[in-house]
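Right, one structure below, let's go through it.
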Amino acid sequence: MVNPVVVGVDGSPSSLAAVEVAAREAALRGAQLRLVHAFGGPSVRVPPHVRPWNPAVAGLREMVDGTLAQAERRAREAAPRVEVARDVVVGEPVTVLEIESRTASLVVVGSRGLSAFGSLLLGSTGVHLAAHGRCPVLVVRGGPDPAGPVLLAADGSPAGEGAVAFAFAEASLRGADLLALHVWSTRTERAYDGPADPPFVTYDEDHLRAEEERVLVEALSGHRERHPDVTVRSRLVRGRVRAALIDASGEAQLVVAGARGRGGFRGLLLGSVSQALLHHAHCPVAVVRAHPA
């Protein structure tokens with residue numbers, strides 16, 4: 001049985017756009033779509049014997065029901081055959097969605113909202129969800145090119161293996177090409193023998209380029225065979241990682257990145273590249289964490 005696709009709903013235009021994307025993702029997977037509205041936060045106290053999904057505030061239940069009904073209509077317009085379930089949960093949106101991610105195949109959110117969902121990309125909430133979610137997190141933003149490829153931020157790190165697998169699967173589901181973009185420079189981690197190397201050291205750039213080509217080939221190895229239907233284009237770019245990926249996202253329908261790449265500091269759950277894409281990419285962004293130990 002396929003785990004459901006979960007989408008955070010608050011009635012905002014961004015949230016409704018996320019509902020449409022989530023409905024199509026559920027249809028592609030043959031999964032149920034769960035519309036989740038988080039009600040209140042830590043200060044909310046539910047009276048004894050009142051079910052958590054039944055807000056004990058006059059008029060609030062009608063408003064929430066209307067919000068979910070509107071979201072369901074949008075979902076059914078986008079994917080008429082998808083099974084849709086609604087849920088209202090007491091708690092902070094980020095906490096609710098993190099819990100939902102434990103049993104979901106994908107969590108989808110918008111980049112702007114009316115309630116606490118609206119802070120997803122404006123503060124630490126979105127970073128927290130992308131860093132701590134137990135399944136891939138898809139943030140709907142930008143103006144994706146529906147005919148564009150799935151863009152993979154390929155860095156060759158063990159932490160990025162999940163992102164590679166997810167990107168191939170998404171390209172296969174969507175019937176899209178996969179563009180694997182690997183960005184390098186003489187100041188990447190692989191270019192140094194040790195952390196104390198001075199910046200004026202001369203490098204054999206041809207050797208470095210060949211090494212980075214090997215990294216890219218190895219990152220994709222095995223996945224091509226598992227997804228022979230996916231047309232793969234590899235691109236090796238010398239430059240700044242964040243700028244190159246953000247620029248390339250303008251011609252993509254989806255960009256996929258690992259939560260933390262090979263250059264990230266140990267202990268950080270979300271790297272600077274993923275954060276930059278969440279804030280500045282021109283299309284939806286999927287962040288895929290390595291499986292927790």
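Convention: chains lettered A, B, ... in structure tokens order; per-chain residue numbering from 1; ligands numbered from 1 as shown.
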Write out as an MDAnalysis selection string the residues lying within 9 Å of Arg242 of chain A, counting only C-alpha atoms and excluding same-chain residues fewer than 2 positions away. chainID A and resid 183 240 244:247 272:274 276:277
Grab the residues selected above and save them as a PDB file, in the first residue's frame with C-alpha atoms.
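Wrote part07.pdb, looks like this:
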ATOM      1  CA  VAL A 183      28.664  22.303  -9.890  1.00  0.00           C
ATOM      2  CA  ARG A 240      28.970  28.872  -7.624  1.00  0.00           C
ATOM      3  CA  ALA A 244      23.994  27.859 -10.871  1.00  0.00           C
ATOM      4  CA  LEU A 245      21.125  25.790  -9.456  1.00  0.00           C
ATOM      5  CA  ILE A 246      18.812  28.765  -8.979  1.00  0.00           C
ATOM      6  CA  ASP A 247      19.493  29.868 -12.547  1.00  0.00           C
ATOM      7  CA  SER A 272      22.967  26.318   2.590  1.00  0.00           C
ATOM      8  CA  VAL A 273      22.242  25.074  -0.941  1.00  0.00           C
ATOM      9  CA  SER A 274      18.885  23.593   0.079  1.00  0.00           C
ATOM     10  CA  ALA A 276      18.890  28.942  -0.960  1.00  0.00           C
ATOM     11  CA  LEU A 277      16.695  26.856  -3.267  1.00  0.00           C
TER      12      LEU A 277
END
Report as an mmCIF file with N, CA, C and O atoms, in the first residue's frame all protein, DNA and RNA residues lying within 6 Å of Leu138 of chain A, evaluated on only C-alpha atoms, omitting residues in the same chain fewer than 6 positions from it.
data_model
loop_
_atom_site.group_PDB
_atom_site.id
_atom_site.type_symbol
_atom_site.label_atom_id
_atom_site.label_comp_id
_atom_site.auth_asym_id
_atom_site.auth_seq_id
_atom_site.Cartn_x
_atom_site.Cartn_y
_atom_site.Cartn_z
ATOM 1 N N VAL A 108 3.532 18.158 1.081
ATOM 2 C CA VAL A 108 3.535 19.295 0.170
ATOM 3 C C VAL A 108 3.038 20.531 0.909
ATOM 4 O O VAL A 108 2.025 20.468 1.619
ATOM 5 N N VAL A 285 10.398 23.017 -5.133
ATOM 6 C CA VAL A 285 11.628 22.419 -4.612
ATOM 7 C C VAL A 285 11.287 21.231 -3.716
ATOM 8 O O VAL A 285 10.473 21.354 -2.789
ATOM 9 N N ALA A 286 11.903 20.087 -3.986
ATOM 10 C CA ALA A 286 11.772 18.922 -3.115
ATOM 11 C C ALA A 286 13.084 18.723 -2.378
ATOM 12 O O ALA A 286 14.150 18.641 -2.995
#
Quick one: residues within 12 Å of Gly222 of chain A, only C-alpha atoms counted, chain neighbours fewer than 4 positions away excluded, as a PyMOL selection string? chain A and resi 161+164-165+168+217-218+226-228
Could you turn the residues from that selection into a file that holds N, CA and C atoms, as a compact mmCIF listing (two decimals), in the first residue's frame?
# COMPACT_ATOMS: atom_id res chain seq x y z
N GLU A 161 22.15 10.62 -1.74
CA GLU A 161 21.70 9.43 -2.48
C GLU A 161 20.18 9.37 -2.55
N VAL A 164 18.86 11.60 -5.27
CA VAL A 164 19.04 11.04 -6.61
C VAL A 164 17.92 10.04 -6.92
N ALA A 165 17.65 9.15 -5.97
CA ALA A 165 16.60 8.15 -6.17
C ALA A 165 15.24 8.83 -6.35
N PHE A 168 14.96 10.54 -9.89
CA PHE A 168 14.71 9.57 -10.96
C PHE A 168 13.26 9.09 -10.92
N VAL A 217 29.18 10.80 -12.61
CA VAL A 217 28.84 9.49 -13.19
C VAL A 217 28.49 8.50 -12.09
N GLU A 218 29.28 8.49 -11.01
CA GLU A 218 29.03 7.55 -9.92
C GLU A 218 27.73 7.87 -9.19
N ARG A 226 17.69 1.25 -13.28
CA ARG A 226 16.39 1.04 -12.64
C ARG A 226 15.28 1.86 -13.29
N HIS A 227 15.66 2.90 -14.01
CA HIS A 227 14.67 3.76 -14.68
C HIS A 227 15.08 3.96 -16.15
N PRO A 228 15.01 2.89 -16.95
CA PRO A 228 15.42 3.00 -18.36
C PRO A 228 14.52 3.92 -19.18
When DSSP is applied to the backbone of this structure, which of segment 141-225 of chain A are assigned helix (DSSP H, G or I)? Write them out as a ChimeraX atom specification. /A:158-174,189-191,205-220,223-225
Print the selection's residues with N, CA, C and O atoms to a file, as a compact mmCIF listing (two decimals), in the first residue's frame.
# COMPACT_ATOMS: atom_id res chain seq x y z
N PRO A 158 27.09 10.88 0.12
CA PRO A 158 26.21 9.81 0.61
C PRO A 158 24.86 10.36 1.06
O PRO A 158 23.83 9.72 0.86
N ALA A 159 24.84 11.57 1.64
CA ALA A 159 23.60 12.17 2.10
C ALA A 159 22.67 12.52 0.95
O ALA A 159 21.46 12.66 1.14
N GLY A 160 23.23 12.65 -0.26
CA GLY A 160 22.42 13.01 -1.41
C GLY A 160 21.87 11.84 -2.19
O GLY A 160 21.16 12.04 -3.18
N GLU A 161 22.15 10.62 -1.74
CA GLU A 161 21.70 9.43 -2.48
C GLU A 161 20.18 9.37 -2.55
O GLU A 161 19.61 9.00 -3.58
N GLY A 162 19.51 9.72 -1.46
CA GLY A 162 18.05 9.71 -1.46
C GLY A 162 17.47 10.69 -2.46
O GLY A 162 16.44 10.42 -3.09
N ALA A 163 18.13 11.85 -2.60
CA ALA A 163 17.66 12.85 -3.57
C ALA A 163 17.79 12.33 -4.99
O ALA A 163 16.92 12.58 -5.83
N VAL A 164 18.86 11.60 -5.27
CA VAL A 164 19.04 11.04 -6.61
C VAL A 164 17.92 10.04 -6.92
O VAL A 164 17.29 10.08 -7.98
N ALA A 165 17.65 9.15 -5.97
CA ALA A 165 16.60 8.15 -6.17
C ALA A 165 15.24 8.83 -6.35
O ALA A 165 14.45 8.43 -7.22
N PHE A 166 14.96 9.85 -5.55
CA PHE A 166 13.68 10.55 -5.64
C PHE A 166 13.56 11.27 -6.98
O PHE A 166 12.49 11.26 -7.60
N ALA A 167 14.63 11.90 -7.44
CA ALA A 167 14.59 12.64 -8.70
C ALA A 167 14.33 11.70 -9.87
O ALA A 167 13.54 12.02 -10.77
N PHE A 168 14.96 10.54 -9.89
CA PHE A 168 14.71 9.57 -10.96
C PHE A 168 13.26 9.09 -10.92
O PHE A 168 12.59 8.99 -11.96
N ALA A 169 12.76 8.81 -9.70
CA ALA A 169 11.38 8.34 -9.58
C ALA A 169 10.40 9.41 -10.04
O ALA A 169 9.42 9.11 -10.73
N GLU A 170 10.64 10.67 -9.67
CA GLU A 170 9.76 11.76 -10.08
C GLU A 170 9.78 11.94 -11.60
O GLU A 170 8.74 12.15 -12.22
N ALA A 171 10.96 11.89 -12.19
CA ALA A 171 11.05 12.02 -13.64
C ALA A 171 10.28 10.90 -14.34
O ALA A 171 9.58 11.13 -15.33
N SER A 172 10.38 9.69 -13.80
CA SER A 172 9.67 8.56 -14.38
C SER A 172 8.16 8.75 -14.25
O SER A 172 7.41 8.54 -15.21
N LEU A 173 7.69 9.16 -13.07
CA LEU A 173 6.26 9.37 -12.84
C LEU A 173 5.70 10.46 -13.74
O LEU A 173 4.59 10.36 -14.25
N ARG A 174 6.48 11.51 -13.94
CA ARG A 174 6.01 12.67 -14.71
C ARG A 174 6.23 12.51 -16.21
O ARG A 174 5.75 13.33 -17.00
N GLU A 189 35.26 21.17 -1.60
CA GLU A 189 35.91 20.35 -0.58
C GLU A 189 36.90 19.37 -1.19
O GLU A 189 37.98 19.14 -0.66
N ARG A 190 36.56 18.79 -2.34
CA ARG A 190 37.38 17.77 -2.96
C ARG A 190 38.69 18.34 -3.50
O ARG A 190 39.64 17.61 -3.79
N ALA A 191 38.76 19.67 -3.63
CA ALA A 191 39.95 20.28 -4.22
C ALA A 191 41.09 20.42 -3.24
O ALA A 191 42.21 20.73 -3.62
N GLU A 205 43.65 21.87 -12.94
CA GLU A 205 42.22 22.00 -13.17
C GLU A 205 41.67 20.89 -14.06
O GLU A 205 40.53 20.48 -13.90
N ASP A 206 42.48 20.41 -15.01
CA ASP A 206 42.03 19.30 -15.84
C ASP A 206 41.78 18.05 -14.99
O ASP A 206 40.80 17.32 -15.20
N HIS A 207 42.70 17.83 -14.04
CA HIS A 207 42.53 16.69 -13.13
C HIS A 207 41.28 16.85 -12.28
O HIS A 207 40.52 15.90 -12.07
N LEU A 208 41.07 18.07 -11.78
CA LEU A 208 39.89 18.33 -10.95
C LEU A 208 38.60 18.11 -11.74
O LEU A 208 37.65 17.52 -11.23
N ARG A 209 38.57 18.61 -12.97
CA ARG A 209 37.38 18.43 -13.79
C ARG A 209 37.10 16.94 -14.03
O ARG A 209 35.95 16.49 -13.95
N ALA A 210 38.15 16.19 -14.33
CA ALA A 210 37.98 14.75 -14.55
C ALA A 210 37.45 14.07 -13.29
O ALA A 210 36.61 13.16 -13.36
N GLU A 211 37.95 14.51 -12.14
CA GLU A 211 37.49 13.94 -10.88
C GLU A 211 36.02 14.25 -10.64
O GLU A 211 35.24 13.39 -10.21
N GLU A 212 35.61 15.48 -10.94
CA GLU A 212 34.21 15.85 -10.75
C GLU A 212 33.31 15.14 -11.74
O GLU A 212 32.16 14.80 -11.42
N GLU A 213 33.79 14.89 -12.95
CA GLU A 213 33.02 14.09 -13.91
C GLU A 213 32.80 12.68 -13.37
O GLU A 213 31.71 12.11 -13.51
N ARG A 214 33.83 12.12 -12.74
CA ARG A 214 33.70 10.79 -12.15
C ARG A 214 32.66 10.80 -11.03
O ARG A 214 31.85 9.88 -10.91
N VAL A 215 32.67 11.86 -10.21
CA VAL A 215 31.70 11.99 -9.12
C VAL A 215 30.28 11.98 -9.67
O VAL A 215 29.39 11.31 -9.14
N LEU A 216 30.06 12.72 -10.75
CA LEU A 216 28.73 12.82 -11.34
C LEU A 216 28.29 11.47 -11.91
O LEU A 216 27.15 11.04 -11.71
N VAL A 217 29.18 10.80 -12.61
CA VAL A 217 28.84 9.49 -13.19
C VAL A 217 28.49 8.50 -12.09
O VAL A 217 27.50 7.76 -12.18
N GLU A 218 29.28 8.49 -11.01
CA GLU A 218 29.03 7.55 -9.92
C GLU A 218 27.73 7.87 -9.19
O GLU A 218 27.03 6.96 -8.72
N ALA A 219 27.39 9.15 -9.09
CA ALA A 219 26.14 9.54 -8.41
C ALA A 219 24.92 8.98 -9.13
O ALA A 219 23.90 8.67 -8.50
N LEU A 220 25.02 8.85 -10.45
CA LEU A 220 23.87 8.40 -11.25
C LEU A 220 23.89 6.90 -11.53
O LEU A 220 22.89 6.36 -12.01
N HIS A 223 20.99 4.00 -11.01
CA HIS A 223 19.65 4.57 -11.16
C HIS A 223 19.20 4.58 -12.62
O HIS A 223 18.01 4.42 -12.90
N ARG A 224 20.14 4.76 -13.53
CA ARG A 224 19.78 4.71 -14.96
C ARG A 224 19.18 3.35 -15.31
O ARG A 224 18.21 3.25 -16.06
N GLU A 225 19.79 2.29 -14.77
CA GLU A 225 19.33 0.95 -15.07
C GLU A 225 17.95 0.68 -14.47
O GLU A 225 17.13 -0.02 -15.07
Which residues are near Val9 of chain A? Cut-off 7 Å, only C-alpha atoms, ignore same chain within fewer than 5 positions. Put them as a PyMOL selection string. chain A and resi 15+35-37
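Taking atom CA of Leu181 of chain A and atom CA of Cys135 of chain A as endpoints, the distance between them is 22.8 Å.
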Using only C-alpha atoms, can you tell me which of A:Val82, A:Ser221, A:Gln70, A:Ala243 comes closest to Ala27 of chain A?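 Closest residue, counting only C-alpha atoms: A:Val82.
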Using only C-alpha atoms, which residue out of A:Arg141, A:Arg34, A:Arg74, A:Arg238 lies closest to Gly11 of chain A?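 Using only C-alpha atoms, the shortest distance to Gly11 of chain A belongs to A:Arg74.
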Gly148 of chain A environment, 9 Å, only C-alpha atoms, sequence neighbours closer than 5 positions dropped, as a list in words: Ala176, Asp177, Glu251, Ala252, Gln253 and Leu254 of chain A
File dump, residues just selected, N, CA and C atoms, as a PDB file, in the first residue's frame:
ATOM      1  N   ALA A 176       9.131  12.921 -17.593  1.00  0.00           N
ATOM      2  CA  ALA A 176       9.998  14.062 -17.866  1.00  0.00           C
ATOM      3  C   ALA A 176      11.452  13.625 -17.986  1.00  0.00           C
ATOM      4  N   ASP A 177      12.259  14.462 -18.637  1.00  0.00           N
ATOM      5  CA  ASP A 177      13.696  14.245 -18.647  1.00  0.00           C
ATOM      6  C   ASP A 177      14.259  14.566 -17.263  1.00  0.00           C
ATOM      7  N   GLU A 251      14.200  26.882 -15.848  1.00  0.00           N
ATOM      8  CA  GLU A 251      13.748  26.098 -16.992  1.00  0.00           C
ATOM      9  C   GLU A 251      13.297  24.697 -16.581  1.00  0.00           C
ATOM     10  N   ALA A 252      13.075  24.480 -15.280  1.00  0.00           N
ATOM     11  CA  ALA A 252      12.719  23.155 -14.772  1.00  0.00           C
ATOM     12  C   ALA A 252      11.277  23.143 -14.269  1.00  0.00           C
ATOM     13  N   GLN A 253      10.724  21.936 -14.148  1.00  0.00           N
ATOM     14  CA  GLN A 253       9.398  21.794 -13.542  1.00  0.00           C
ATOM     15  C   GLN A 253       9.500  21.433 -12.071  1.00  0.00           C
ATOM     16  N   LEU A 254      10.662  20.970 -11.648  1.00  0.00           N
ATOM     17  CA  LEU A 254      10.899  20.603 -10.253  1.00  0.00           C
ATOM     18  C   LEU A 254      12.408  20.532 -10.037  1.00  0.00           C
TER      19      LEU A 254
END
Looking at A:Thr67, A:Ser249, A:Thr95, A:Ser105, which one is nearest to Leu28 of chain A, with distances taken over only C-alpha atoms? A:Ser105
Nearest to Val19 of chain A, chosen from A:Ala69, A:Ala154, A:Leu60, A:Ala75, with only C-alpha atoms counted in the distances: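 Of the candidates, the smallest distance to Val19 of chain A is held by A:Ala75.
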Could you tell me how far atom CA of Ala259 of chain A lies from atom CA of Arg289 of chain A, in Å and to one decimal?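 Spanning atom CA of Ala259 of chain A to atom CA of Arg289 of chain A is a straight-line distance of 5.0 Å.
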Considering only C-alpha atoms, can you say which of A:Pro146, A:Pro284, A:Val89, A:Asn3 comes closest to Ala17 of chain A? A:Pro284
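Of the listed residues (A:Val107, A:Val232, A:Ala71, A:Leu152), A:Val107 comes nearest to His132 of chain A; the distances count only C-alpha atoms.
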